[in-house]
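As provided, query.txt (compact mmCIF, C-alpha atoms) reads as follows.
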```txt
# COMPACT_ATOMS: atom_id res chain seq x y z
CA MET A 332 0.00 0.00 0.00
CA THR A 333 2.84 2.34 0.92
CA GLU A 334 4.54 1.59 -2.39
CA VAL A 335 1.35 2.52 -4.27
CA ILE A 336 1.08 5.82 -2.39
CA ASN A 337 4.73 6.63 -3.05
CA ALA A 338 4.34 5.78 -6.72
CA SER A 339 1.26 7.98 -6.94
CA SER A 340 3.09 10.79 -5.18
CA ASN A 341 6.02 10.51 -7.57
CA ILE A 342 3.69 10.63 -10.56
CA SER A 343 1.99 13.76 -9.16
CA SER A 344 5.36 15.39 -8.61
CA LEU A 345 6.46 14.55 -12.13
CA LEU A 346 3.22 15.91 -13.58
CA LEU A 347 3.58 19.11 -11.53
CA MET A 348 7.17 19.55 -12.65
CA LYS A 349 6.16 18.98 -16.25
CA HIS A 350 3.30 21.46 -15.89
CA ASN A 351 5.60 24.08 -14.36
CA ASP A 352 8.16 23.45 -17.07
CA LEU A 353 5.55 23.90 -19.79
CA LEU A 354 4.23 27.02 -18.08
CA LEU A 355 7.73 28.48 -17.84
CA LYS A 356 8.40 27.72 -21.49
CA SER A 357 5.05 29.28 -22.43
CA GLN A 358 5.86 32.41 -20.43
CA GLN A 359 9.33 32.62 -21.94
CA SER A 360 7.84 32.16 -25.39
CA HIS A 361 5.29 34.90 -24.65
CA SER A 362 8.01 37.24 -23.38
CA LYS A 363 10.16 36.55 -26.43
CA ALA A 364 7.18 37.16 -28.72
CA ILE A 365 6.54 40.57 -27.12
CA GLU A 366 10.15 41.59 -27.63
CA GLU A 367 10.13 40.28 -31.20
CA ILE A 368 6.96 42.24 -32.01
CA ALA A 369 8.56 45.44 -30.67
CA ASN A 370 11.81 44.88 -32.58
CA LYS A 371 10.02 43.92 -35.79
CA MET A 372 7.96 47.12 -35.66
CA ASP A 373 11.00 49.25 -34.79
CA ILE A 374 9.79 50.23 -31.31
CA GLU A 375 12.22 50.13 -28.40
CA PHE A 376 11.84 47.19 -26.02
CA VAL A 377 12.67 48.31 -22.48
CA ASN A 378 13.53 46.07 -19.55
CA PHE A 379 11.02 46.61 -16.76
CA ASN A 380 13.80 47.17 -14.22
CA GLU A 381 14.71 50.36 -16.06
CA PHE A 382 11.71 52.06 -14.43
CA SER A 383 11.53 53.41 -10.89
CA ASP A 384 8.96 55.04 -8.64
CA ILE A 385 6.19 52.90 -10.14
CA HIS A 386 2.78 53.63 -8.66
CA GLU A 387 -0.90 53.39 -9.55
CA PHE A 388 -2.19 56.35 -11.52
CA ARG A 389 -5.88 57.16 -11.84
CA SER A 390 -6.47 58.49 -15.33
CA ASP A 391 -9.66 59.08 -17.30
CA LEU A 392 -7.40 59.63 -20.30
CA TYR A 393 -5.82 56.17 -20.33
CA GLY A 394 -8.45 54.13 -18.49
CA ASP A 395 -7.76 51.31 -16.05
CA ASN A 396 -4.54 49.40 -15.36
CA VAL A 397 -2.44 52.53 -15.59
CA ARG A 398 0.70 53.33 -13.65
CA LYS A 399 3.05 56.25 -13.57
CA ALA A 400 6.81 55.73 -13.43
CA THR A 401 10.18 57.35 -14.02
CA TRP A 402 12.39 56.09 -16.83
CA LYS A 403 15.82 55.91 -15.22
CA LYS A 404 17.89 56.55 -18.35
CA ASN A 405 16.54 60.07 -18.84
CA SER A 406 14.64 60.71 -15.57
CA ARG A 407 11.49 61.44 -17.55
CA PRO A 408 7.98 60.63 -16.31
CA VAL A 409 6.11 58.02 -18.34
CA ILE A 410 2.78 56.24 -18.29
CA LEU A 411 2.77 52.44 -18.16
CA ARG A 412 -0.39 51.01 -19.71
CA SER A 413 -0.98 47.25 -19.73
CA VAL A 414 -2.21 45.75 -22.99
CA PRO A 415 -5.33 43.63 -22.41
CA GLY A 416 -6.12 40.33 -24.10
CA TYR A 417 -8.30 37.31 -23.39
CA SER A 418 -5.69 35.04 -24.96
CA ILE A 419 -2.02 35.19 -25.93
CA GLU A 420 -2.99 35.53 -29.59
CA ASP A 421 -5.43 38.35 -28.84
CA HIS A 422 -2.86 40.03 -26.64
CA HIS A 423 -0.24 39.98 -29.39
CA LYS A 424 -2.79 41.21 -31.94
CA LYS A 425 -3.74 44.20 -29.76
CA LEU A 426 -0.08 45.03 -29.13
CA THR A 427 0.72 44.92 -32.84
CA GLU A 428 -2.24 47.13 -33.71
CA GLU A 429 -1.36 49.62 -30.98
CA ILE A 430 2.20 49.96 -32.25
CA ARG A 431 1.02 50.24 -35.87
CA ARG A 432 -1.35 53.09 -35.05
CA SER A 433 1.23 54.84 -32.89
CA LYS A 434 3.79 54.87 -35.69
CA SER A 435 1.36 56.84 -37.85
CA ASN A 436 1.78 59.73 -35.39
CA MET A 437 5.56 59.79 -35.29
CA ASN A 438 5.76 62.66 -37.77
CA CYS A 439 3.64 64.92 -35.55
CA GLU A 440 5.32 66.32 -32.46
CA ASN A 441 2.00 67.61 -31.13
CA ILE A 442 0.59 64.12 -30.56
CA ILE A 443 1.50 62.13 -27.43
CA GLN A 444 3.92 59.41 -28.49
CA LEU A 445 4.45 55.74 -27.74
CA LEU A 446 8.05 55.59 -26.49
CA GLY A 447 8.50 51.87 -26.14
CA VAL A 448 7.21 48.49 -24.99
CA THR A 449 8.11 46.58 -21.84
CA GLU A 450 6.89 43.51 -19.99
CA ASP A 451 5.82 43.39 -16.37
CA SER A 452 7.24 40.13 -15.03
CA SER A 453 4.53 39.98 -12.37
CA GLU A 454 1.73 40.21 -14.94
CA LYS A 455 3.41 38.57 -17.92
CA ASN A 456 1.72 41.14 -20.12
CA ALA A 457 3.05 43.64 -22.60
CA VAL A 458 3.08 47.17 -21.23
CA LEU A 459 3.09 50.32 -23.35
CA VAL A 460 5.55 53.04 -22.35
CA ILE A 461 3.73 56.28 -23.13
CA GLN A 462 4.97 59.85 -23.12
CA HIS A 463 3.74 61.78 -20.07
CA PRO A 464 4.36 65.51 -20.64
CA LYS A 465 6.23 66.78 -17.60
CA ASP A 466 4.59 70.21 -17.37
CA GLY A 467 1.12 68.75 -16.83
CA THR A 468 -2.21 69.73 -18.33
CA LEU A 469 -2.97 73.02 -20.02
CA LYS A 470 -5.05 74.01 -17.00
CA GLU A 471 -2.14 73.35 -14.63
CA TYR A 472 0.35 75.09 -16.91
CA LEU A 473 -1.69 78.27 -17.34
CA SER A 474 -2.34 78.50 -13.60
CA GLN A 475 1.44 78.68 -13.12
CA HIS A 476 2.17 80.94 -16.12
CA LYS A 477 -0.37 83.74 -15.92
CA ASP A 478 2.13 86.19 -17.42
CA LEU A 479 2.44 84.24 -20.67
CA ASP A 480 3.17 86.61 -23.57
CA TRP A 481 1.29 86.60 -26.85
CA PRO A 482 3.98 84.94 -28.98
CA LYS A 483 3.91 81.96 -26.60
CA LYS A 484 0.11 81.91 -26.57
CA PHE A 485 0.03 81.90 -30.37
CA ASN A 486 2.53 79.05 -30.47
CA LEU A 487 0.51 76.97 -28.02
CA ALA A 488 -2.62 77.58 -30.11
CA LYS A 489 -0.65 76.54 -33.20
CA ASP A 490 0.57 73.36 -31.49
CA ILE A 491 -2.96 72.31 -30.53
CA ALA A 492 -4.26 73.14 -34.02
CA TYR A 493 -1.46 71.10 -35.65
CA GLY A 494 -2.34 68.13 -33.45
CA ILE A 495 -6.00 68.40 -34.44
CA ARG A 496 -5.08 68.79 -38.11
CA HIS A 497 -3.00 65.62 -37.97
CA LEU A 498 -5.99 63.68 -36.61
CA HIS A 499 -8.49 65.22 -39.03
CA LYS A 500 -6.28 64.36 -42.00
CA ALA A 501 -6.38 60.76 -40.81
CA GLY A 502 -10.18 60.92 -40.65
CA ILE A 503 -10.21 61.03 -36.85
CA ALA A 504 -12.38 63.29 -34.70
CA HIS A 505 -10.86 63.71 -31.26
CA GLY A 506 -14.21 64.30 -29.58
CA ASP A 507 -12.83 65.09 -26.12
CA LEU A 508 -10.72 68.24 -26.32
CA HIS A 509 -10.56 70.30 -23.15
CA GLU A 510 -8.11 71.85 -20.70
CA LEU A 511 -7.47 68.54 -18.90
CA ASN A 512 -6.81 66.71 -22.15
CA VAL A 513 -4.18 69.04 -23.59
CA PHE A 514 -0.66 68.65 -22.20
CA ILE A 515 2.44 70.82 -22.10
CA GLU A 516 6.10 69.86 -22.26
CA ASP A 517 8.94 72.35 -22.66
CA GLY A 518 6.54 75.03 -23.86
CA LYS A 519 4.94 72.79 -26.50
CA ALA A 520 1.31 71.61 -26.46
CA LEU A 521 0.36 67.99 -27.17
CA ILE A 522 -2.91 66.10 -27.52
CA ARG A 523 -3.71 62.37 -27.64
CA ASP A 524 -4.82 60.31 -30.60
CA PRO A 525 -8.15 58.97 -29.25
CA ARG A 526 -7.65 55.67 -31.08
CA LEU A 527 -4.59 54.92 -29.01
CA PHE A 528 -3.92 53.70 -25.49
CA GLY A 529 -7.63 53.36 -24.72
CA PHE A 530 -8.00 50.18 -26.79
CA ASP A 531 -11.20 51.27 -28.50
CA ASP A 532 -11.78 49.74 -31.91
CA ASP A 533 -13.89 52.62 -33.21
CA GLU A 534 -12.19 54.84 -35.75
CA THR A 535 -13.58 57.89 -34.00
CA SER A 536 -13.39 58.81 -30.39
CA SER A 537 -16.06 57.13 -28.34
CA SER A 538 -15.12 59.09 -25.27
CA SER A 539 -17.40 61.79 -24.07
CA THR A 540 -16.26 64.97 -22.45
CA LEU A 541 -18.93 64.39 -19.85
CA ASN A 542 -16.98 61.36 -18.64
CA SER A 543 -14.19 63.48 -17.20
CA ASP A 544 -14.19 66.29 -14.67
CA VAL A 545 -17.76 67.46 -15.30
CA LEU A 546 -17.60 71.12 -14.39
CA SER A 547 -14.21 71.72 -16.01
CA THR A 548 -15.19 70.18 -19.33
CA ILE A 549 -18.74 71.41 -19.93
CA PRO A 550 -17.63 74.70 -21.55
CA PHE A 551 -15.68 72.74 -24.18
CA VAL A 552 -18.56 70.52 -25.31
CA ASP A 553 -20.21 71.29 -28.63
CA PRO A 554 -23.76 72.55 -27.84
CA GLN A 555 -25.07 70.26 -30.57
CA VAL A 556 -23.69 67.29 -28.63
CA MET A 557 -25.22 68.63 -25.43
CA GLY A 558 -28.59 68.83 -27.13
CA ASP A 559 -28.53 65.24 -28.36
CA MET A 560 -26.79 62.67 -26.21
CA LYS A 561 -26.89 60.21 -29.12
CA HIS A 562 -24.99 62.62 -31.34
CA LYS A 563 -21.31 61.70 -31.55
CA PRO A 564 -18.77 64.52 -31.52
CA ASP A 565 -17.33 65.11 -34.99
CA LYS A 566 -14.59 67.26 -36.53
CA ARG A 567 -16.77 70.35 -36.19
CA SER A 568 -17.10 69.59 -32.49
CA ASP A 569 -13.30 69.64 -32.25
CA ILE A 570 -13.30 73.11 -33.80
CA TYR A 571 -15.79 74.33 -31.18
CA SER A 572 -13.62 72.94 -28.39
CA PHE A 573 -10.54 74.52 -29.93
CA GLY A 574 -12.26 77.92 -29.94
CA VAL A 575 -12.82 77.65 -26.19
CA LEU A 576 -9.19 76.59 -25.73
CA MET A 577 -8.12 79.70 -27.66
CA TRP A 578 -10.13 81.84 -25.25
CA GLU A 579 -8.51 80.05 -22.30
CA LEU A 580 -5.07 80.78 -23.72
CA SER A 581 -5.98 84.46 -23.98
CA SER A 582 -7.12 84.63 -20.35
CA CYS A 583 -4.85 82.04 -18.68
CA LYS A 584 -7.84 80.80 -16.73
CA SER A 585 -10.60 78.25 -17.09
CA PRO A 586 -13.81 79.41 -18.81
CA PHE A 587 -16.61 80.46 -16.44
CA HIS A 588 -14.39 79.75 -13.42
CA ASP A 589 -15.20 82.97 -11.56
CA THR A 590 -18.93 83.11 -12.25
CA PRO A 591 -21.95 81.42 -10.66
CA PHE A 592 -21.81 79.06 -13.66
CA GLY A 593 -18.47 77.84 -12.36
CA ASN A 594 -19.67 77.34 -8.83
CA GLY A 595 -20.97 73.80 -9.08
CA ASN A 596 -24.14 74.53 -11.05
CA GLN A 597 -23.54 72.16 -13.96
CA VAL A 598 -27.13 72.19 -15.17
CA LEU A 599 -27.33 75.98 -15.30
CA LEU A 600 -24.00 76.19 -17.13
CA THR A 601 -25.10 73.57 -19.66
CA MET A 602 -28.38 75.32 -20.33
CA ALA A 603 -26.77 78.76 -20.58
CA ILE A 604 -24.34 77.54 -23.24
CA MET A 605 -26.87 75.47 -25.17
CA VAL A 606 -30.03 77.59 -24.93
CA ARG A 607 -28.82 81.15 -24.41
CA LYS A 608 -25.67 80.60 -26.51
CA THR A 609 -23.65 82.11 -23.70
CA ARG A 610 -19.92 82.44 -24.30
CA GLU A 611 -17.09 84.01 -22.37
CA GLN A 612 -16.39 87.68 -23.08
CA PRO A 613 -13.16 88.57 -24.92
CA VAL A 614 -10.33 89.43 -22.58
CA PRO A 615 -9.10 93.05 -22.73
CA ASN A 616 -5.97 93.54 -24.85
CA THR A 617 -6.61 90.45 -26.94
CA PRO A 618 -5.73 91.00 -30.64
CA GLU A 619 -8.93 91.47 -32.64
CA GLU A 620 -8.01 88.90 -35.29
CA TYR A 621 -7.50 86.30 -32.59
CA VAL A 622 -10.93 87.05 -31.10
CA GLN A 623 -12.57 86.85 -34.51
CA LEU A 624 -11.05 83.43 -35.11
CA TYR A 625 -12.12 81.82 -31.84
CA GLN A 626 -15.61 83.31 -32.12
CA GLN A 627 -15.92 81.71 -35.55
CA CYS A 628 -14.71 78.42 -34.08
CA TRP A 629 -17.33 78.37 -31.32
CA ASP A 630 -20.20 79.41 -33.56
CA HIS A 631 -23.39 77.72 -32.39
CA GLU A 632 -24.03 76.36 -35.89
CA PRO A 633 -21.51 73.61 -36.75
CA ASP A 634 -21.54 74.36 -40.49
CA MET A 635 -20.50 77.95 -39.83
CA ARG A 636 -17.27 76.91 -38.12
CA PRO A 637 -14.02 76.95 -40.10
CA SER A 638 -12.14 73.78 -40.99
CA ILE A 639 -8.95 72.96 -39.13
CA GLU A 640 -6.99 73.79 -42.29
CA GLN A 641 -8.43 77.30 -42.26
CA VAL A 642 -7.70 77.62 -38.55
CA CYS A 643 -4.06 76.63 -39.06
CA GLU A 644 -3.68 79.09 -41.93
CA GLN A 645 -4.96 81.93 -39.79
CA ILE A 646 -2.74 81.07 -36.82
CA GLU A 647 0.29 80.70 -39.09
CA GLY A 648 -0.61 84.15 -40.40
CA PHE A 649 -0.46 85.51 -36.85
CA LEU A 650 3.03 84.07 -36.48
CA TYR A 651 4.74 84.13 -39.86
CA ASP A 652 3.02 86.25 -42.52
CA GLU A 653 2.83 89.99 -42.93
CA PRO A 654 1.71 91.38 -39.58
CA VAL A 655 -2.01 91.00 -39.12
CA ILE A 656 -1.77 92.38 -35.59
CA THR A 657 -1.36 96.11 -35.84
CA GLY A 658 -1.57 97.08 -32.21
CA LYS A 659 -5.36 97.20 -32.11
CA SER A 660 -7.00 95.49 -29.18
CA LEU A 661 -10.36 95.21 -27.54
CA SER A 662 -9.55 97.85 -24.97
CA ASN A 663 -6.47 99.97 -24.43
CA SER A 664 -3.66 100.10 -26.94
CA ILE A 665 -1.03 97.39 -27.10
CA VAL A 666 1.86 96.51 -29.35
CA ILE A 667 3.01 92.93 -29.75
CA ALA A 668 6.73 92.93 -30.42
CA ASP A 669 7.94 91.06 -33.50
CA ILE A 670 5.92 87.90 -33.15
CA ARG A 671 7.37 86.53 -36.36
CA ALA A 672 10.95 86.81 -35.12
CA SER A 673 10.17 85.11 -31.82
CA SER A 674 8.53 82.26 -33.72
CA GLU A 675 11.15 81.79 -36.45
CA GLU A 676 12.86 78.91 -34.68
CA SER A 677 9.53 77.18 -34.19
CA ARG A 678 8.69 77.69 -37.84
CA LYS A 679 11.95 76.15 -39.04
CA SER A 680 11.25 73.01 -37.04
CA HIS A 681 7.93 72.63 -38.85
CA ASP A 682 8.99 73.58 -42.39
CA ASN A 683 9.49 69.99 -43.49
CA LEU A 684 6.11 68.96 -42.13
CA HIS A 685 3.95 71.98 -42.89
CA PRO A 686 3.89 74.06 -46.09
CA PRO A 687 4.05 77.87 -45.96
CA SER A 688 0.77 79.50 -45.08
CA LEU A 689 -1.41 81.15 -47.68
CA SER A 690 -2.46 84.76 -47.67
CA SER A 691 -6.04 85.47 -46.67
CA SER A 692 -7.02 86.04 -50.31
CA GLN A 693 -5.39 82.77 -51.37
CA LEU A 694 -7.08 81.03 -48.49
CA GLN A 695 -10.52 82.24 -49.50
CA SER A 696 -9.85 81.31 -53.12
CA SER A 697 -8.55 77.84 -52.27
CA HIS A 698 -11.64 77.02 -50.24
CA SER A 699 -14.27 78.63 -52.44
CA GLN A 700 -14.28 75.62 -54.76
CA ASN A 701 -15.37 73.33 -51.94
CA ASP A 702 -18.92 73.87 -50.73
CA ASN A 703 -18.09 72.24 -47.41
CA GLU A 704 -15.20 74.62 -46.68
CA LYS A 705 -16.34 78.14 -45.82
CA PRO A 706 -13.73 80.92 -46.17
CA LEU A 707 -12.89 82.92 -43.10
CA SER A 708 -14.02 86.50 -43.07
CA LEU A 709 -11.61 89.09 -41.78
CA VAL A 710 -14.49 91.45 -41.07
CA PRO A 711 -15.28 91.64 -37.35
CA PRO A 712 -18.33 89.44 -36.76
CA GLU A 713 -21.54 91.00 -35.55
CA PRO A 714 -22.55 90.17 -31.98
CA LYS A 715 -24.35 86.83 -32.12
CA TYR A 716 -24.48 85.66 -28.55
CA GLN A 717 -26.46 86.66 -25.51
CA ASP A 718 -23.33 86.79 -23.42
CA ALA A 719 -23.66 87.34 -19.73
CA ASN A 720 -21.22 89.98 -18.55
CA LEU A 721 -18.76 87.47 -17.22
CA SER A 722 -16.07 90.01 -16.43
CA GLU A 723 -18.12 90.94 -13.36
CA PRO A 724 -20.09 88.90 -10.82
CA ILE A 725 -23.55 87.96 -12.09
CA SER A 726 -26.27 89.35 -9.88
CA PRO A 727 -29.10 87.20 -8.49
CA LYS A 728 -31.42 89.16 -10.77
CA THR A 729 -29.42 88.11 -13.83
CA LEU A 730 -29.42 84.49 -12.70
CA ALA A 731 -33.18 84.60 -12.22
CA LYS A 732 -33.57 85.97 -15.74
CA ILE A 733 -31.42 83.18 -17.17
CA ASN A 734 -33.43 80.55 -15.34
CA LYS A 735 -36.66 82.10 -16.57
CA GLU A 736 -35.48 82.03 -20.18
CA ILE A 737 -34.40 78.43 -19.76
CA GLU A 738 -37.75 77.35 -18.34
CA LYS A 739 -39.58 79.01 -21.25
CA SER A 740 -37.57 77.07 -23.81
CA LYS A 741 -39.46 74.36 -25.67
CA GLY A 742 -38.96 70.93 -24.15
CA ILE A 743 -36.29 72.23 -21.83
CA LYS A 744 -37.77 70.80 -18.63
CA LYS A 745 -37.42 67.28 -19.92
CA PHE A 746 -33.86 67.90 -21.05
CA LYS A 747 -32.96 69.65 -17.80
CA SER A 748 -34.22 66.63 -15.89
CA LYS A 749 -32.15 64.35 -18.11
CA ILE A 750 -29.00 66.44 -17.59
CA SER A 751 -29.59 66.48 -13.83
CA LYS A 752 -29.84 62.69 -13.75
CA ILE A 753 -26.62 62.35 -15.74
CA PHE A 754 -24.71 64.63 -13.37
CA LYS A 755 -26.21 62.90 -10.33
CA LYS A 756 -25.18 59.50 -11.66
CA MET A 757 -21.70 60.72 -12.50
CA SER A 758 -21.21 62.26 -9.05
CA CYS A 759 -21.44 58.75 -7.59
CA PHE A 760 -18.19 57.84 -9.35
CA SER A 761 -16.22 60.97 -8.56
```
Would you mind writing the file out in structure tokens?
Amino acid sequence: MTEVINASSNISSLLLMKHNDLLLKSQQSHSKAIEEIANKMDIEFVNFNEFSDIHEFRSDLYGDNVRKATWKKNSRPVILRSVPGYSIEDHHKKLTEEIRRSKSNMNCENIIQLLGVTEDSSEKNAVLVIQHPKDGTLKEYLSQHKDLDWPKKFNLAKDIAYGIRHLHKAGIAHGDLHELNVFIEDGKALIRDPRLFGFDDDETSSSSTLNSDVLSTIPFVDPQVMGDMKHKPDKRSDIYSFGVLMWELSSCKSPFHDTPFGNGNQVLLTMAIMVRKTREQPVPNTPEEYVQLYQQCWDHEPDMRPSIEQVCEQIEGFLYDEPVITGKSLSNSIVIADIRASSEESRKSHDNLHPPSLSSSQLQSSHSQNDNEKPLSLVPPEPKYQDANLSEPISPKTLAKINKEIEKSKGIKKFKSKISKIFKKMSCFS
């Protein structure tokens, strides 16, 4: 009997050893495959021990299973994002697709880049090493650089516009542009390709601005998207968001931050933007041409907004062409010193990627042949919005008037109730 038990025990031990040996070989094969995929696709494979200060990082931008770390070789912060997969084959397929898409952005320095691939030995999964701009979000950056001069503001606007243009040329609508989703590194602005790092198979962004910090992102949402929750953000929605970002650059503060709209009343803010077409007032001493451009971008009617190509042409004109800024401003007199000279170095770095900008007449001519592209007018636009005077505190009387107008709007009670439920539901997860 003892001999039988010993024999059985030996067989179990042998089976366990064989199982462990097969498992080890499988893991080694998996690890080798990850490295081979990275090498084959010309992406750096990084040993996991080259990272330090690894800790969990909550991020709406990159989703779950995200960690922040420091890459020892250059002391730069990076994001470590595990690649999911229900099988080894699926895992390798997702990794390959992620690298392929990332490489399409390597010629645009205004898109967050994939820096490499590593493998977490504890998880036995491929991990993406993603650029994490060291100067933080646009909101954080502007709060620390309130004295930003106009040449730098123009360059940041140009950077964001170039990032959007890169996506739009690829047929991608970002759909989630706002102050917490634009990043700064060494004075340069970067945005994320929404196809990447979130592992969504849709060719357009499926993310909704309402999924992030609610109050901070409402001002950046296209009113047409607010009015129809089933309506997906499109390229025109990106232009609207960009217009609000341009205003934020001009003020170095978040939109509506110092008004009752920015005091936790998400429903009122949503209704004011959507129903009353409320927008922030231009900041004193902002160049008129700059104001005209962002007001065209945030036009309530999507078809009236310029294309990203037109936006880039105008911003390049601010920086490189014959001076379009003559010292005129919204209030007081200002002179912006040689913006073109201060931006010459930036222009040289883009010459190989971006052709020289057209004059305004060439721009209008080049777009007139396309019914979908509306030329920009250099004539100051007529007042179109019922703007609250946001440069001063809004009185209770003004708030009451806004609420009254909202309540009179057709079908607004039902929508207001719907918005309230959405915010209430979202607050449970914050």
Quick one, how far is CA of Ser383 (chain A) from CA of Val448 (chain A)?
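We find that CA of Ser383 (chain A) and CA of Val448 (chain A) lie 15.5 Å from each other.
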Sel. within 9 Å of pt (3.9, 54.6, -28.1), counting only C-alpha atoms, output as a list in words: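 Residues with an atom at most 9 Å from (3.9, 54.6, -28.1): Ile374, Glu429, Ile430, Arg432, Ser433, Lys434, Ile443, Gln444, Leu445, Leu446, Gly447, Val448, Leu459, Val460, Ile461, Gln462, Leu527 and Phe528 of chain A.
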TODO: May I ask for the distance between CA of Asp478 (chain A) and CA of Glu647 (chain A), given in Å to one decimal place?
DONE: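 Atom-to-atom, CA of Asp478 (chain A) to CA of Glu647 (chain A), that is 22.4 Å.
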What separates CA of Glu454 (chain A) and CA of Thr427 (chain A) is a distance of 18.5 Å
Margin query: Applying 10 Å and all atoms listed in the file, which residues near Leu426 (chain A) remain after dropping the ones on its own chain fewer than 4 positions away? List them as a list of chain:residue names.
Written below: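 Here the qualifying residues turn out to be A:Ile365, A:Ile368, A:Ala369, A:Ser413, A:Val414, A:Pro415, A:Gly416, A:Glu420, A:Asp421, A:His422, A:Ile430, A:Arg431, A:Val448, A:Asn456, A:Ala457, A:Val458, A:Leu459, A:Phe530.
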Residues just named, written with C-alpha atoms as a PDB file, in the frame of the given file:
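This is the output file result.pdb:
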```
ATOM      1  CA  ILE A 365       6.540  40.570 -27.120  1.00  0.00           C
ATOM      2  CA  ILE A 368       6.960  42.240 -32.010  1.00  0.00           C
ATOM      3  CA  ALA A 369       8.560  45.440 -30.670  1.00  0.00           C
ATOM      4  CA  SER A 413      -0.980  47.250 -19.730  1.00  0.00           C
ATOM      5  CA  VAL A 414      -2.210  45.750 -22.990  1.00  0.00           C
ATOM      6  CA  PRO A 415      -5.330  43.630 -22.410  1.00  0.00           C
ATOM      7  CA  GLY A 416      -6.120  40.330 -24.100  1.00  0.00           C
ATOM      8  CA  GLU A 420      -2.990  35.530 -29.590  1.00  0.00           C
ATOM      9  CA  ASP A 421      -5.430  38.350 -28.840  1.00  0.00           C
ATOM     10  CA  HIS A 422      -2.860  40.030 -26.640  1.00  0.00           C
ATOM     11  CA  ILE A 430       2.200  49.960 -32.250  1.00  0.00           C
ATOM     12  CA  ARG A 431       1.020  50.240 -35.870  1.00  0.00           C
ATOM     13  CA  VAL A 448       7.210  48.490 -24.990  1.00  0.00           C
ATOM     14  CA  ASN A 456       1.720  41.140 -20.120  1.00  0.00           C
ATOM     15  CA  ALA A 457       3.050  43.640 -22.600  1.00  0.00           C
ATOM     16  CA  VAL A 458       3.080  47.170 -21.230  1.00  0.00           C
ATOM     17  CA  LEU A 459       3.090  50.320 -23.350  1.00  0.00           C
ATOM     18  CA  PHE A 530      -8.000  50.180 -26.790  1.00  0.00           C
TER      19      PHE A 530
END
```
Checklist line | Asn436 (chain A) surroundings by all atoms listed in the file, 10 Å radius, close-in-sequence under 6 positions cut, as a list in words | finding: Ile442, Ile443, Gln444, Leu445, Gly494, His497, Leu498, Ala501, Arg523 and Asp524 of chain A
request  = Quick one: everything within 12 Å of Leu580 (chain A), counting all atoms listed in the file, minus sequence neighbours fewer than 4 positions away in the same chain. Send it as number ranges by chain.
outcome  = A: 469-470, 472-474, 476-489, 491, 509-510, 513, 520, 573-576, 584-586, 613-614, 617, 621-622, 625
Exercise: Ile570 (chain A) partners within 12 Å, all atoms listed in the file, chain neighbours under 6 positions left out, as a PyMOL selection string: chain A and resi 491-492+495-496+499+504-509+551-553+564+576-577+624-643
Exercise. Find the residue from A:Ser453, A:Arg412, A:His423, A:Glu367 that sits nearest to Asn396 (chain A); use only C-alpha atoms when measuring.
Key: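 Answer, going by the shortest atom-to-atom distance: A:Arg412.
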Between A:Leu650, A:Ile549, A:Ile515, A:Ala400, which residue has the minimum interatomic distance to Arg610 (chain A), considering all atoms listed in the file?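 With all atoms listed in the file as the atom set, the closest residue is A:Ile549.
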